[in-house]
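S.K.: Structure in C-alpha cells, see below.
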Amino acid sequence: MALPMARPQQQPQAAPIAVARPRLPAAETILPYLQRLDEARWYSNFGPLLTELEQRLSARFARPTQAITVANATQALSLALRAMDLAPGGYVALPAWTFVATAHAVIQAGLRPWFLDVDAATWMLDPARVEALAPNLNGEIVAAIPVCAFGAMPDLDAWIAFRERTGVPVLVDAAACFDTLSDARLPSVVSLHATKVLGLGEGGYLATEDAALAAGVRKLSTFGFEGSRESLIPATNAKLSEYAAAVGLAALDGWPGDRLRWMRTAQHLRIALIGLPEVTFQPGWGSDWVTSVCTVGLPRGAADQVAERLRRHGVDTRQWWGGGCHASRAFAGCRREALPVTEALAGSTLGLPFSIDMEDHEIARVAAALRDAL
C-alpha cells in the first residue's frame with residue numbers, strides 16, 4: 001500500500017521589521033528623579049527638575065544660550081513667531097519639503113505659509129531662493145523658516161547674512177537636530193518627541209541667544225505671567241511638567257552612550273548597503289551626526305515601487321514628509337512657488353527601518369530586500 005506523501009514543512013515567516021522603534025529611558029534610570037520630585041512635592045510650574053533640564057540643555061551650546069522648554073516643538077515654533085512681534089497675516093517663507101508641523105505653527109501664530117522649493121543637494125531651503133522674491137521682502141514676507149532636513153544642519157552663516165542684508169527675521173526648525181545643533185545665533189526649535197534621538201515623550205525647546213525672545217516665549221507659554229499672577233498678554237499654557245523633566249534628565253544622563261549606539265547602528269546599515277550605489281545617504285549621516293530616522297535617496301520616481309516590494313519582504317518603510325507639506329489638504333490654499341525639486345524628492349526618498357537597538361540580522365534583511373527591490 002502506498003504511503004501518503006509528507007507535506008512540505010511551512011517555514012515560519014519572519015516578523016516584520018518596523019520602520020521605527022522609539023526607546024525612552026528605562027524606569028530604573030528615571031526613578032531617582034521621581035524620588036526627588038516626590039520629596040519636593042513640586043509637580044509643575046518650573047520646578048527644580050525642569051530648571052535643571054533647561055540648564056543642562058543650555059550648557060550644550062558653546063556661547064551663552066537659553067533653552068526654553070515648551071510642551072512640544074510645534075508650540076515652540078508658533079510661540080517663537082508670536083514673540084517676534086511680526087505683522088499679523090504676513091507671509092512666512094518656508095520649504096515645501098518639511099513636516100506639516102512647520103506650516104501648522106505658522107498658521108497658529110496668525111501668519112501665512114509661503115512654500116518655496118529646496119536645494120537638490122541639501123534638501124533644504126537656500127536663502128538665495130527667498131531673496132529671489134526681492135519685491136516681496138519689503139512687507140509681505142515677515143519671517144523665514146529654514147528646516148533642517150531629517151537632522152542635517154543648514155548653512156547658518158548664510159542665513160545670518162541673509163537676516164543682516166534683508167532685515168527679515170529667521171527661525172530655524174531644527175526639530176530633529178538634538179545632536180547637531182550647537183549654535184543658537186539664530187533662534188532654533190528642537191523636538192523632544194519620543195521618536196527623536198533624545199526624547200521625553202512630548203516636548204521641545206527653543207534655543208536662543210536673544211534674551212528678549214526667550215522671555216517672550218516663556219511669557220506666552222505660561223498664561224502671560226511675568227513675575228506676578230497678572231496675565232499681561234493673551235497667551236496659553238504650554239509648560240512641561242516635572243514628570244516630563246524627570247524623563248528628560250534621565251535621557252541626558254544616557255545620551256553619551258546612546259549616541260554611540262545610534263552611530264554604531266547607522267554605520268552597520270551604511271556598510272550593509274555599500275553594494276547598492278542606487279541608494280544614497282545624506283552627507284555625514286551616521287558618521288558626523290545622528291538622528292532617529294534613515295531617509296535615503298533612490299532612483300527618480302522609485303520610492304513607491306521600492307516601498308511596496310519591501311513591504312512584501314516584511315520591511316516597513318515611511319515617506320516621512322509624504323508629497324511635501326504643501327500637498328496636504330490643510331494647506332491647499334497657501335501661496336507657493338514652482339516646486340520641482342520637492343516633487344522629485346517626494347518620489348525618490350524613502351525612510352528605511354532604523355532604531356537604536358536594530359540588530360545585525362535585521363539590517364541584513366533590509367539590505368537583501370532592497371537588493372531585490374532595486
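For the C-alpha cells, the naming scheme is as follows: chains receive sequential letters (A, B, ...) according to their order of presentation, residues are indexed from 1 within each chain, and ligands are indexed from 1 in presentation order.
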Which residues, written as a ChimeraX atom specification, have at least one atom at most 10 Å from Gly322 in chain A, with only C-alpha atoms counted and residues fewer than 5 positions away on the same chain left out?
M.R.: /A:97-100,327-328,343,345-347,349-350
S.K.: Would you save the residues from that selection as a CSV table (one decimal), in the first residue's frame, using C-alpha atoms?
M.R.:
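Printed below is part-v4.csv as written:
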```
chain,number,residue,atom,x,y,z
A,97,TRP,CA,9.9,69.9,1.8
A,98,THR,CA,9.1,69.7,5.5
A,99,PHE,CA,6.8,68.0,8.0
A,100,VAL,CA,3.3,69.6,8.3
A,327,ALA,CA,0.4,68.6,-0.7
A,328,SER,CA,-1.7,68.3,2.4
A,343,GLU,CA,8.2,66.9,-6.1
A,345,LEU,CA,12.2,64.2,-3.6
A,346,ALA,CA,8.7,63.0,-2.7
A,347,GLY,CA,9.1,60.3,-5.4
A,349,THR,CA,13.3,59.4,-1.0
A,350,LEU,CA,12.3,56.7,1.5
```
S.K.: Can you pull out every residue within 12 Å of Gly254 in chain A, counting only C-alpha atoms, but drop anything in the same chain fewer than 6 positions away, and send it as a list in words?
M.R.: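 The contact residues come out as Arg23, Leu24, Pro25, Ala26, Thr29, Ile30, Val197, Leu198, Gly199, Val247, Gly248, Leu260 and Arg261 of chain A.
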S.K.: May I have the residues from that selection written out with C-alpha atoms, as a compact mmCIF listing (two decimals), in the first residue's frame?
M.R.:
```txt
# COMPACT_ATOMS: atom_id res chain seq x y z
CA ARG A 23 13.03 53.90 23.17
CA LEU A 24 12.83 56.23 26.15
CA PRO A 25 14.92 55.90 29.33
CA ALA A 26 14.29 52.76 31.40
CA THR A 29 17.02 55.44 35.41
CA ILE A 30 14.05 57.78 35.86
CA VAL A 197 17.23 60.59 19.28
CA LEU A 198 16.68 62.17 22.69
CA GLY A 199 13.06 62.17 23.73
CA VAL A 247 12.40 61.62 31.78
CA GLY A 248 14.43 64.29 30.00
CA LEU A 260 27.42 55.77 20.26
CA ARG A 261 24.67 53.15 19.83
```
S.K.: Which of range 331-362 of chain A end up as alpha helix (DSSP H) when DSSP is run on this backbone - answer as a list in words?
M.R.: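 Those in range 331-362 of chain A that DSSP calls alpha helix (DSSP H) are Pro340, Val341, Thr342, Glu343, Ala344, Leu345, Ala346, Gly347, Ser348, Asp360, His361 and Glu362 of chain A.
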S.K.: Neighbouring residues of range 39-49 of chain A were defined as those with any atom within 12 Å, considering only C-alpha atoms; residues of the same chain fewer than 2 positions away were excluded. Please report them as a PyMOL selection string.
M.R.: chain A and resi 30+32-37+51-56+68-71+218+221-223+225+237-250
S.K.: Which is closer to Ala149 in chain A than all the others in A:Ala373, A:Ala235, A:Ala161, A:Val293, using only C-alpha atoms?
M.R.: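 So, comparing all the options, the nearest one is A:Val293.
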S.K.: Would you mind writing down, as an MDAnalysis selection string, each residue of range 185-223 of chain A that DSSP on the backbone assigns to strand (DSSP E or B)?
M.R.: chainID A and resid 188:191 193 201 204:208 222
S.K.: Using only C-alpha atoms, can you tell me which of A:Met84, A:Ala368, A:Ala212, A:Ala152 comes closest to Pro169 in chain A?
M.R.: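 Once distances to Pro169 in chain A are computed over only C-alpha atoms, the minimum belongs to A:Met84.
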S.K.: Do a neighbour search on range 265-281 of chain A at 9 Å with only C-alpha atoms, toss out local chain neighbours closer than 3 positions, and write the hits as a PyMOL selection string.
M.R.: chain A and resi 260-262+284-287+290+294-299+354-360+363-364+366-368+370-371+374
